[in-house]
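J.: My structure is stored as my_file.json, with JSON, C-alpha atoms and all ligand atoms.
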```
[["chain", "number", "residue", "atom", "x", "y", "z"],
["K", 1, "MET", "CA", -20.36, -11.20, 5.66],
["K", 2, "ARG", "CA", -23.66, -9.94, 6.90],
["K", 3, "PRO", "CA", -23.95, -6.22, 7.56],
["K", 4, "ILE", "CA", -23.04, -5.65, 11.21],
["K", 5, "ALA", "CA", -25.24, -2.72, 12.06],
["K", 6, "PRO", "CA", -28.97, -3.41, 11.96],
["K", 7, "THR", "CA", -30.77, -1.18, 9.55],
["K", 8, "ARG", "CA", -32.69, 1.59, 11.21],
["K", 9, "GLY", "CA", -36.39, 1.05, 11.29],
["K", 10, "GLY", "CA", -37.36, 4.09, 9.30],
["K", 11, "ASP", "CA", -41.14, 3.91, 9.21],
["K", 12, "PHE", "CA", -41.18, 0.57, 10.95],
["K", 13, "THR", "CA", -41.47, -0.03, 14.66],
["K", 14, "VAL", "CA", -41.19, -3.21, 16.69],
["K", 15, "LYS", "CA", -43.96, -3.66, 19.23],
["K", 16, "THR", "CA", -44.04, -6.33, 21.91],
["K", 17, "TYR", "CA", -46.79, -7.83, 24.05],
["K", 18, "ALA", "CA", -46.75, -10.40, 26.85],
["K", 19, "LYS", "CA", -48.78, -12.25, 29.44],
["K", 20, "SER", "CA", -48.17, -15.04, 31.90],
["K", 21, "HIS", "CA", -50.79, -17.12, 33.70],
["K", 22, "GLN", "CA", -50.31, -19.64, 36.48],
["K", 23, "GLY", "CA", -52.80, -22.05, 34.92],
["K", 24, "TYR", "CA", -55.33, -24.06, 36.93],
["K", 25, "VAL", "CA", -53.18, -26.87, 38.34],
["K", 26, "ARG", "CA", -49.77, -25.61, 39.46],
["K", 27, "LEU", "CA", -49.35, -24.11, 42.93],
["K", 28, "ARG", "CA", -47.24, -21.22, 41.68],
["K", 29, "ASN", "CA", -46.09, -19.63, 38.45],
["K", 30, "GLU", "CA", -42.48, -20.63, 37.81],
["K", 31, "ASP", "CA", -42.35, -19.04, 34.34],
["K", 32, "SER", "CA", -40.65, -15.68, 33.85],
["K", 33, "TRP", "CA", -40.43, -13.34, 30.88],
["K", 34, "MET", "CA", -39.05, -9.99, 29.82],
["K", 35, "MET", "CA", -39.28, -7.42, 27.06],
["K", 36, "ARG", "CA", -37.38, -4.16, 26.81],
["K", 37, "PRO", "CA", -35.96, -1.91, 24.12],
["K", 38, "VAL", "CA", -32.36, -2.14, 22.91],
["K", 39, "ASP", "CA", -30.39, 0.10, 20.56],
["K", 40, "PHE", "CA", -31.15, 0.26, 16.83],
["K", 41, "ASP", "CA", -34.92, 0.15, 17.31],
["K", 42, "GLY", "CA", -34.76, -3.37, 18.71],
["K", 43, "TYR", "CA", -36.42, -5.25, 21.52],
["K", 44, "LEU", "CA", -34.97, -7.93, 23.74],
["K", 45, "ILE", "CA", -37.63, -10.48, 24.61],
["K", 46, "ALA", "CA", -37.37, -13.78, 26.47],
["K", 47, "VAL", "CA", -39.30, -16.53, 28.22],
["K", 48, "ALA", "CA", -38.01, -18.95, 30.86],
["K", 49, "ASP", "CA", -39.71, -21.97, 32.44],
["K", 50, "GLY", "CA", -38.14, -23.03, 35.71],
["K", 51, "VAL", "CA", -37.63, -26.59, 36.88],
["K", 52, "GLY", "CA", -36.64, -27.76, 40.34],
["K", 53, "GLY", "CA", -38.03, -28.87, 43.68],
["K", 54, "GLY", "CA", -40.23, -26.59, 45.79],
["K", 55, "PRO", "CA", -40.04, -22.95, 44.75],
["K", 56, "SER", "CA", -36.58, -23.27, 43.19],
["K", 57, "GLY", "CA", -37.88, -23.49, 39.60],
["K", 58, "GLY", "CA", -39.33, -20.00, 39.93],
["K", 59, "VAL", "CA", -36.07, -18.75, 41.43],
["K", 60, "ALA", "CA", -34.16, -20.24, 38.49],
["K", 61, "SER", "CA", -36.36, -18.70, 35.80],
["K", 62, "ARG", "CA", -36.36, -15.25, 37.45],
["K", 63, "MET", "CA", -32.62, -15.36, 38.04],
["K", 64, "ALA", "CA", -31.94, -16.40, 34.43],
["K", 65, "ILE", "CA", -34.09, -13.58, 33.05],
["K", 66, "GLU", "CA", -32.45, -11.02, 35.37],
["K", 67, "ALA", "CA", -28.97, -12.21, 34.42],
["K", 68, "LEU", "CA", -29.86, -12.10, 30.73],
["K", 69, "ASP", "CA", -31.22, -8.58, 31.19],
["K", 70, "ASP", "CA", -28.04, -7.46, 33.02],
["K", 71, "ALA", "CA", -25.59, -9.13, 30.66],
["K", 72, "ALA", "CA", -27.21, -8.18, 27.37],
["K", 73, "GLY", "CA", -26.99, -4.43, 27.93],
["K", 74, "VAL", "CA", -28.54, -2.07, 25.40],
["K", 75, "GLU", "CA", -26.39, -2.89, 22.43],
["K", 76, "VAL", "CA", -27.03, -6.45, 21.32],
["K", 77, "ARG", "CA", -26.12, -6.28, 17.67],
["K", 78, "ASP", "CA", -25.04, -9.83, 17.07],
["K", 79, "SER", "CA", -25.86, -13.32, 18.17],
["K", 80, "ALA", "CA", -22.48, -13.76, 19.90],
["K", 81, "ARG", "CA", -23.49, -11.07, 22.39],
["K", 82, "LEU", "CA", -26.85, -12.72, 22.98],
["K", 83, "VAL", "CA", -25.28, -16.16, 23.46],
["K", 84, "SER", "CA", -22.77, -14.73, 25.90],
["K", 85, "ALA", "CA", -25.64, -13.21, 27.91],
["K", 86, "VAL", "CA", -27.37, -16.61, 28.00],
["K", 87, "SER", "CA", -24.11, -18.18, 29.16],
["K", 88, "MET", "CA", -23.89, -15.59, 31.95],
["K", 89, "ALA", "CA", -27.42, -16.51, 32.97],
["K", 90, "ASN", "CA", -26.39, -20.15, 33.05],
["K", 91, "ARG", "CA", -23.41, -19.36, 35.24],
["K", 92, "ARG", "CA", -25.47, -17.33, 37.71],
["K", 93, "VAL", "CA", -28.16, -20.00, 38.12],
["K", 94, "PHE", "CA", -25.55, -22.77, 38.29],
["K", 95, "ASP", "CA", -23.52, -20.97, 40.97],
["K", 96, "SER", "CA", -26.59, -20.27, 43.12],
["K", 97, "GLY", "CA", -27.76, -23.85, 42.72],
["K", 98, "SER", "CA", -24.35, -25.12, 43.80],
["K", 99, "GLU", "CA", -24.06, -22.80, 46.81],
["K", 100, "GLU", "CA", -27.51, -23.07, 48.34],
["K", 101, "GLU", "CA", -28.87, -26.35, 49.57],
["K", 102, "THR", "CA", -32.52, -25.39, 48.98],
["K", 103, "LEU", "CA", -31.79, -24.42, 45.37],
["K", 104, "ARG", "CA", -29.73, -27.49, 44.46],
["K", 105, "GLY", "CA", -30.52, -28.88, 41.03],
["K", 106, "MET", "CA", -32.62, -25.93, 39.90],
["K", 107, "GLY", "CA", -32.63, -25.06, 36.23],
["K", 108, "THR", "CA", -34.70, -23.35, 33.61],
["K", 109, "THR", "CA", -35.43, -23.15, 29.92],
["K", 110, "LEU", "CA", -34.45, -19.88, 28.27],
["K", 111, "THR", "CA", -35.55, -18.73, 24.83],
["K", 112, "ALA", "CA", -34.44, -15.20, 24.01],
["K", 113, "ALA", "CA", -34.67, -13.03, 20.92],
["K", 114, "VAL", "CA", -33.54, -9.61, 19.86],
["K", 115, "VAL", "CA", -36.07, -8.29, 17.41],
["K", 116, "PHE", "CA", -35.07, -5.53, 15.01],
["K", 117, "PRO", "CA", -37.35, -4.13, 12.32],
["K", 118, "SER", "CA", -35.70, -6.28, 9.64],
["K", 119, "ARG", "CA", -34.02, -9.20, 11.42],
["K", 120, "ILE", "CA", -34.07, -11.27, 14.57],
["K", 121, "LEU", "CA", -31.40, -12.90, 16.69],
["K", 122, "LEU", "CA", -32.42, -16.01, 18.57],
["K", 123, "ALA", "CA", -30.79, -17.99, 21.39],
["K", 124, "HIS", "CA", -32.43, -21.06, 22.84],
["K", 125, "VAL", "CA", -31.98, -23.73, 25.50],
["K", 126, "GLY", "CA", -34.75, -26.08, 26.71],
["K", 127, "ASP", "CA", -38.29, -26.79, 25.55],
["K", 128, "SER", "CA", -39.85, -23.35, 25.40],
["K", 129, "ARG", "CA", -40.44, -22.37, 21.78],
["K", 130, "ALA", "CA", -40.10, -19.62, 19.21],
["K", 131, "TYR", "CA", -42.52, -19.54, 16.29],
["K", 132, "ARG", "CA", -42.55, -17.27, 13.29],
["K", 133, "LEU", "CA", -46.03, -16.55, 12.03],
["K", 134, "THR", "CA", -46.43, -15.31, 8.47],
["K", 135, "GLY", "CA", -50.01, -15.22, 7.25],
["K", 136, "SER", "CA", -51.31, -18.75, 7.53],
["K", 137, "ARG", "CA", -47.81, -20.16, 7.79],
["K", 138, "LEU", "CA", -46.13, -21.13, 11.05],
["K", 139, "ASP", "CA", -42.42, -21.96, 11.34],
["K", 140, "ARG", "CA", -41.12, -23.43, 14.54],
["K", 141, "LEU", "CA", -37.69, -21.82, 14.92],
["K", 142, "THR", "CA", -36.52, -23.90, 17.89],
["K", 143, "THR", "CA", -35.92, -27.56, 18.66],
["K", 144, "ASP", "CA", -37.32, -28.85, 21.94],
["K", 145, "HIS", "CA", -34.37, -29.94, 24.07],
["K", 146, "SER", "CA", -36.44, -32.71, 25.62],
["K", 147, "VAL", "CA", -36.24, -36.47, 25.23],
["K", 148, "ALA", "CA", -39.29, -36.47, 22.93],
["K", 149, "GLY", "CA", -38.16, -33.35, 21.06],
["K", 150, "GLU", "CA", -34.74, -34.82, 20.25],
["K", 151, "MET", "CA", -36.41, -38.05, 19.08],
["K", 152, "GLU", "CA", -38.74, -36.03, 16.84],
["K", 153, "LYS", "CA", -35.79, -34.14, 15.40],
["K", 154, "ALA", "CA", -33.96, -37.43, 14.73],
["K", 155, "GLY", "CA", -37.05, -38.68, 12.90],
["K", 156, "SER", "CA", -37.91, -41.49, 15.30],
["K", 157, "LEU", "CA", -41.16, -39.83, 16.45],
["K", 158, "THR", "CA", -43.77, -37.92, 14.49],
["K", 159, "HIS", "CA", -44.81, -34.47, 15.72],
["K", 160, "ASP", "CA", -48.03, -35.93, 17.17],
["K", 161, "GLU", "CA", -46.20, -38.79, 18.86],
["K", 162, "ALA", "CA", -43.73, -36.33, 20.38],
["K", 163, "MET", "CA", -46.61, -34.23, 21.70],
["K", 164, "HIS", "CA", -47.92, -37.22, 23.69],
["K", 165, "HIS", "CA", -44.67, -38.96, 24.57],
["K", 166, "PRO", "CA", -44.37, -39.78, 28.31],
["K", 167, "ARG", "CA", -40.91, -38.19, 28.44],
["K", 168, "ARG", "CA", -41.82, -35.03, 26.56],
["K", 169, "HIS", "CA", -41.15, -32.90, 29.64],
["K", 170, "VAL", "CA", -37.75, -34.40, 30.48],
["K", 171, "LEU", "CA", -35.17, -31.81, 29.40],
["K", 172, "THR", "CA", -31.95, -32.79, 27.66],
["K", 173, "ARG", "CA", -30.57, -29.25, 27.92],
["K", 174, "SER", "CA", -31.31, -26.52, 30.43],
["K", 175, "VAL", "CA", -29.88, -23.35, 31.90],
["K", 176, "GLY", "CA", -28.28, -23.70, 35.35],
["K", 177, "ASN", "CA", -27.77, -27.43, 35.73],
["K", 178, "PHE", "CA", -24.18, -27.58, 34.45],
["K", 179, "ASN", "CA", -21.36, -25.06, 34.49],
["K", 180, "LYS", "CA", -21.30, -24.90, 30.68],
["K", 181, "ILE", "CA", -24.10, -25.03, 28.16],
["K", 182, "ARG", "CA", -24.60, -25.38, 24.46],
["K", 183, "VAL", "CA", -26.89, -22.66, 23.10],
["K", 184, "ASP", "CA", -28.81, -22.97, 19.83],
["K", 185, "VAL", "CA", -28.47, -19.75, 17.92],
["K", 186, "ALA", "CA", -30.02, -18.30, 14.77],
["K", 187, "GLU", "CA", -30.21, -15.05, 12.87],
["K", 188, "LEU", "CA", -33.13, -14.53, 10.51],
["K", 189, "ALA", "CA", -34.42, -11.83, 8.25],
["K", 190, "TRP", "CA", -38.00, -10.82, 8.84],
["K", 191, "GLY", "CA", -40.41, -8.05, 8.05],
["K", 192, "THR", "CA", -43.83, -6.57, 8.48],
["K", 193, "GLN", "CA", -45.59, -9.75, 7.40],
["K", 194, "ASP", "CA", -43.92, -11.74, 10.18],
["K", 195, "ARG", "CA", -44.67, -12.07, 13.84],
["K", 196, "LEU", "CA", -42.47, -13.75, 16.43],
["K", 197, "LEU", "CA", -44.04, -15.71, 19.25],
["K", 198, "LEU", "CA", -42.11, -17.01, 22.24],
["K", 199, "CYS", "CA", -43.95, -19.36, 24.58],
["K", 200, "THR", "CA", -43.44, -21.86, 27.35],
["K", 201, "ASP", "CA", -44.69, -25.43, 27.07],
["K", 202, "GLY", "CA", -47.82, -24.49, 29.03],
["K", 203, "LEU", "CA", -49.02, -23.16, 25.67],
["K", 204, "SER", "CA", -47.38, -25.50, 23.17],
["K", 205, "SER", "CA", -48.23, -28.74, 24.99],
["K", 206, "VAL", "CA", -51.99, -28.07, 24.91],
["K", 207, "VAL", "CA", -52.61, -25.68, 22.02],
["K", 208, "THR", "CA", -51.86, -27.18, 18.61],
["K", 209, "GLU", "CA", -49.89, -25.34, 15.97],
["K", 210, "ASP", "CA", -53.02, -25.29, 13.78],
["K", 211, "GLU", "CA", -54.91, -23.55, 16.57],
["K", 212, "ILE", "CA", -52.10, -21.02, 17.03],
["K", 213, "VAL", "CA", -52.28, -20.22, 13.31],
["K", 214, "ARG", "CA", -56.08, -20.01, 13.40],
["K", 215, "LEU", "CA", -55.99, -17.49, 16.28],
["K", 216, "SER", "CA", -53.16, -15.51, 14.67],
["K", 217, "LEU", "CA", -55.30, -14.98, 11.57],
["K", 218, "SER", "CA", -58.07, -13.41, 13.65],
["K", 219, "TYR", "CA", -56.10, -11.48, 16.27],
["K", 220, "SER", "CA", -52.92, -9.47, 16.71],
["K", 221, "GLY", "CA", -51.05, -7.64, 19.46],
["K", 222, "GLN", "CA", -52.22, -8.04, 23.04],
["K", 223, "GLU", "CA", -55.49, -9.58, 21.87],
["K", 224, "LEU", "CA", -53.61, -12.45, 20.24],
["K", 225, "VAL", "CA", -51.55, -13.01, 23.40],
["K", 226, "ASP", "CA", -54.73, -13.04, 25.52],
["K", 227, "GLU", "CA", -56.50, -15.42, 23.12],
["K", 228, "LEU", "CA", -53.58, -17.84, 23.16],
["K", 229, "ILE", "CA", -53.52, -17.89, 26.97],
["K", 230, "SER", "CA", -57.31, -18.41, 26.99],
["K", 231, "ALA", "CA", -56.96, -21.33, 24.59],
["K", 232, "ALA", "CA", -54.46, -23.01, 26.93],
["K", 233, "LEU", "CA", -56.78, -22.41, 29.89],
["K", 234, "THR", "CA", -59.73, -23.84, 27.95],
["K", 235, "SER", "CA", -57.62, -26.97, 27.50],
["K", 236, "GLY", "CA", -57.36, -27.27, 31.28],
["K", 237, "GLY", "CA", -54.38, -24.99, 31.94],
["K", 238, "PRO", "CA", -52.29, -27.87, 33.31],
["K", 239, "ASP", "CA", -49.08, -25.82, 33.43],
["K", 240, "ASN", "CA", -47.94, -22.21, 33.75],
["K", 241, "ILE", "CA", -48.49, -20.42, 30.42],
["K", 242, "THR", "CA", -46.35, -17.58, 29.13],
["K", 243, "VAL", "CA", -46.51, -15.87, 25.75],
["K", 244, "VAL", "CA", -44.41, -13.00, 24.40],
["K", 245, "LEU", "CA", -45.23, -11.62, 20.97],
["K", 246, "ALA", "CA", -43.25, -9.24, 18.75],
["K", 247, "GLU", "CA", -44.71, -7.55, 15.70],
["K", 248, "VAL", "CA", -43.33, -5.03, 13.24],
["K", 249, "THR", "CA", -45.79, -2.29, 12.46],
["K", 250, "GLN", "CA", -45.67, 0.55, 10.01],
["K", 251, "ASP", "CA", -45.87, 3.84, 11.87],
["K", 252, "VAL", "CA", -48.86, 6.06, 11.36],
["K", 253, "GLY", "CA", -47.81, 9.20, 13.17],
["K", 254, "ASP", "CA", -47.52, 9.07, 16.95],
["K", 255, "ALA", "CA", -45.65, 5.83, 17.63],
["K", 256, "ASP", "CA", -44.71, 5.57, 21.29],
["K", 257, "GLY", "CA", -41.70, 3.38, 20.51],
["K", 258, "ARG", "CA", -43.22, 0.17, 21.88],
["A", 301, "MG", "MG", -43.82, -25.45, 31.73]]
```
What does the file become when written as structure tokens?
T.:
Amino acid sequence: MRPIAPTRGGDFTVKTYAKSHQGYVRLRNEDSWMMRPVDFDGYLIAVADGVGGGPSGGVASRMAIEALDDAAGVEVRDSARLVSAVSMANRRVFDSGSEEETLRGMGTTLTAAVVFPSRILLAHVGDSRAYRLTGSRLDRLTTDHSVAGEMEKAGSLTHDEAMHHPRRHVLTRSVGNFNKIRVDVAELAWGTQDRLLLCTDGLSSVVTEDEIVRLSLSYSGQELVDELISAALTSGGPDNITVVLAEVTQDVGDADGR
């Protein structure tokens, strides 16, 4: 059994940073994100990338984030609670998509984490990503629920082949398209050497993992978020780009709790 209550942060504080950019090609930004504190010195963070005709993708991603925010509450101690909040988000988007003609078929990715000073909870559906950055090491914590991503996981495509596969954007799992969903879930220990990055495919489809590591060695906090967005824009910004970053820092006096 794992300890149920997260350890208090003591001298350690979680800080979060975020930015979203429409990119240079899309008519609107259909990505959404959130970050807010939860009990036990934690932060709930999430990104969502909407899919659907017309403006419905943006409706789906906003609705999913709002539902997650509502359902998670302030006490999200375990992954079951986080998964149930993601399931509520799925239900809300699915119901709206079923009821309203203009929203029919809308869906969204949803990658959410609760970040405590010494561990993280992760819930994931779709092809947005979570990365853990530790020094010059990058671990991708999520599987892309896309045709190419599933083929890469099964070993029938290399990482580079998956990155250029014509069906890399076709989702195999999403929030809001069916009344039930399967949510990938993880719980991981982490510490002051680690940073957690959530991003939509507007970043990961044009900025390589090597480049993400390179930037993470030179920048941190909001500067790192801004540099990552800039790198995606330099590569043409073909899609909406959203990045949320969580870091654990050691307090030096007047921490403001963020
Ligand atoms: Mg996208």
J.: Set the distance at 9 Å and use only C-alpha atoms: which residues neighbour stretch 21-25 of chain K once local chain neighbours fewer than 6 positions away are removed? I'd like the list as an MDAnalysis selection string.
T.: chainID K and resid 31 202 229 232:233 236:242
J.: Expressed in Å to a single decimal, how great is the separation between atom CA of K:Ala60 and atom CA of K:Val170?
T.: 16.7 Å
J.: I need the residue nearest K:Phe40 from this list: K:Val76, K:Ala89, K:Leu217, K:Ile181. Use only C-alpha atoms for the distance.
T.: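 Comparing K:Val76, K:Ala89, K:Leu217, K:Ile181 against K:Phe40, the winner is K:Val76.
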J.: Check which residues fall inside 12 Å of ligand MG 301 (chain A) when counting all atoms listed in the file, and print them as an NGL selection string.
T.: :K and (20-23 or 25-26 or 28-32 or 47-52 or 57-58 or 61 or 108-110 or 126-129 or 168-171 or 199-206 or 232 or 237-243)
J.: For atom CA of K:Gln193 and atom CA of K:Gly135, determine how far apart the two atoms are, in Å to one decimal place.
T.: 7.0 Å
J.: Tell me, as a list of chain:residue names, which residues lie within 8 Å of K:Trp190, counting all atoms listed in the file; anything in the same chain fewer than 6 positions away does not count.
T.: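 So, after excluding close chain neighbours, the residues are K:Pro117, K:Ser118, K:Arg119, K:Ile120.
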J.: Write out the residues from the selection above, keeping C-alpha atoms, as a PDB file, keeping the file's coordinate frame.
T.:
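Contents of out-v7.pdb, freshly written:
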```
ATOM      1  CA  PRO K 117     -37.350  -4.130  12.320  1.00  0.00           C
ATOM      2  CA  SER K 118     -35.700  -6.280   9.640  1.00  0.00           C
ATOM      3  CA  ARG K 119     -34.020  -9.200  11.420  1.00  0.00           C
ATOM      4  CA  ILE K 120     -34.070 -11.270  14.570  1.00  0.00           C
TER       5      ILE K 120
END
```
J.: So, counting all atoms listed in the file, which residue among K:Gly221, K:Pro166, K:Gly73, K:Gly53 is closest to K:Gly105?
T.: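 Using all atoms listed in the file, the shortest distance to K:Gly105 belongs to K:Gly53.
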J.: List the spatial neighbours of K:Thr143 as a PyMOL selection string - criterion: any atom at most 10 Å away, only C-alpha atoms, same-chain residues fewer than 3 positions off excluded.
T.: chain K and resi 124-130+140+146+149-150+152-153+184
J.: Taking only C-alpha atoms into account, which of K:Leu103, K:Ala231, K:Val183, K:Val115 comes nearest K:Lys15?
T.: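 Among the listed residues, the smallest separation from K:Lys15 belongs to K:Val115.
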J.: With all atoms listed in the file as the atoms that count, which of K:Ala113, K:Gly54, K:Glu100, K:Arg167 lies nearest to K:Leu68?
T.: K:Ala113
J.: Extract, using only C-alpha atoms, all DNA, RNA and protein residues at most 8 Å from K:Leu215, discarding same-chain residues fewer than 2 positions from it, and format them as a ChimeraX atom specification.
T.: /K:211-213,217-219,224,227-228
J.: What's around K:Arg91 at 8 Å? Count all atoms listed in the file, leave out sequence neighbours fewer than 2 positions away in its own chain, and write the answer as a list in words.
T.: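 Residues near the query, excluding close chain neighbours: Ser87, Met88, Ala89, Val93, Phe94, Asp95, Gly176, Asn179 and Lys180 of chain K.
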J.: Do you have the atom CA of K:Leu44-atom CA of K:Arg195 distance handy?
T.: 14.5 Å
J.: Under the rule that only C-alpha atoms are counted, which of K:Gly155, K:Gln250, K:Thr172, K:Ser56 is the nearest residue to K:Glu101?
T.: K:Ser56
J.: As a PDB file, keeping the file's coordinate frame, please: stretch 121-134 of chain K completed to N, CA and C atoms.
T.:
```
ATOM      1  N   LEU K 121     -32.419 -12.011  16.140  1.00  0.00           N
ATOM      2  CA  LEU K 121     -31.400 -12.900  16.690  1.00  0.00           C
ATOM      3  C   LEU K 121     -32.115 -13.807  17.682  1.00  0.00           C
ATOM      4  N   LEU K 122     -31.721 -15.071  17.715  1.00  0.00           N
ATOM      5  CA  LEU K 122     -32.420 -16.010  18.570  1.00  0.00           C
ATOM      6  C   LEU K 122     -31.403 -16.867  19.314  1.00  0.00           C
ATOM      7  N   ALA K 123     -31.625 -17.060  20.614  1.00  0.00           N
ATOM      8  CA  ALA K 123     -30.790 -17.990  21.390  1.00  0.00           C
ATOM      9  C   ALA K 123     -31.735 -18.851  22.217  1.00  0.00           C
ATOM     10  N   HIS K 124     -31.425 -20.144  22.317  1.00  0.00           N
ATOM     11  CA  HIS K 124     -32.430 -21.060  22.840  1.00  0.00           C
ATOM     12  C   HIS K 124     -31.809 -22.258  23.556  1.00  0.00           C
ATOM     13  N   VAL K 125     -32.345 -22.528  24.753  1.00  0.00           N
ATOM     14  CA  VAL K 125     -31.980 -23.730  25.500  1.00  0.00           C
ATOM     15  C   VAL K 125     -33.254 -24.238  26.194  1.00  0.00           C
ATOM     16  N   GLY K 126     -33.599 -25.511  26.003  1.00  0.00           N
ATOM     17  CA  GLY K 126     -34.750 -26.080  26.710  1.00  0.00           C
ATOM     18  C   GLY K 126     -35.931 -26.330  25.792  1.00  0.00           C
ATOM     19  N   ASP K 127     -37.130 -26.427  26.376  1.00  0.00           N
ATOM     20  CA  ASP K 127     -38.290 -26.790  25.550  1.00  0.00           C
ATOM     21  C   ASP K 127     -39.350 -25.698  25.459  1.00  0.00           C
ATOM     22  N   SER K 128     -38.974 -24.453  25.793  1.00  0.00           N
ATOM     23  CA  SER K 128     -39.850 -23.350  25.400  1.00  0.00           C
ATOM     24  C   SER K 128     -39.660 -23.194  23.888  1.00  0.00           C
ATOM     25  N   ARG K 129     -40.509 -22.406  23.245  1.00  0.00           N
ATOM     26  CA  ARG K 129     -40.440 -22.370  21.780  1.00  0.00           C
ATOM     27  C   ARG K 129     -40.475 -20.960  21.210  1.00  0.00           C
ATOM     28  N   ALA K 130     -39.925 -20.828  20.010  1.00  0.00           N
ATOM     29  CA  ALA K 130     -40.100 -19.620  19.210  1.00  0.00           C
ATOM     30  C   ALA K 130     -40.766 -20.022  17.904  1.00  0.00           C
ATOM     31  N   TYR K 131     -41.829 -19.321  17.552  1.00  0.00           N
ATOM     32  CA  TYR K 131     -42.520 -19.540  16.290  1.00  0.00           C
ATOM     33  C   TYR K 131     -42.492 -18.259  15.474  1.00  0.00           C
ATOM     34  N   ARG K 132     -42.328 -18.411  14.180  1.00  0.00           N
ATOM     35  CA  ARG K 132     -42.550 -17.270  13.290  1.00  0.00           C
ATOM     36  C   ARG K 132     -43.871 -17.492  12.581  1.00  0.00           C
ATOM     37  N   LEU K 133     -44.725 -16.490  12.668  1.00  0.00           N
ATOM     38  CA  LEU K 133     -46.030 -16.550  12.030  1.00  0.00           C
ATOM     39  C   LEU K 133     -46.048 -15.600  10.844  1.00  0.00           C
ATOM     40  N   THR K 134     -46.349 -16.134   9.684  1.00  0.00           N
ATOM     41  CA  THR K 134     -46.430 -15.310   8.470  1.00  0.00           C
ATOM     42  C   THR K 134     -47.708 -15.690   7.745  1.00  0.00           C
TER      43      THR K 134
END
```
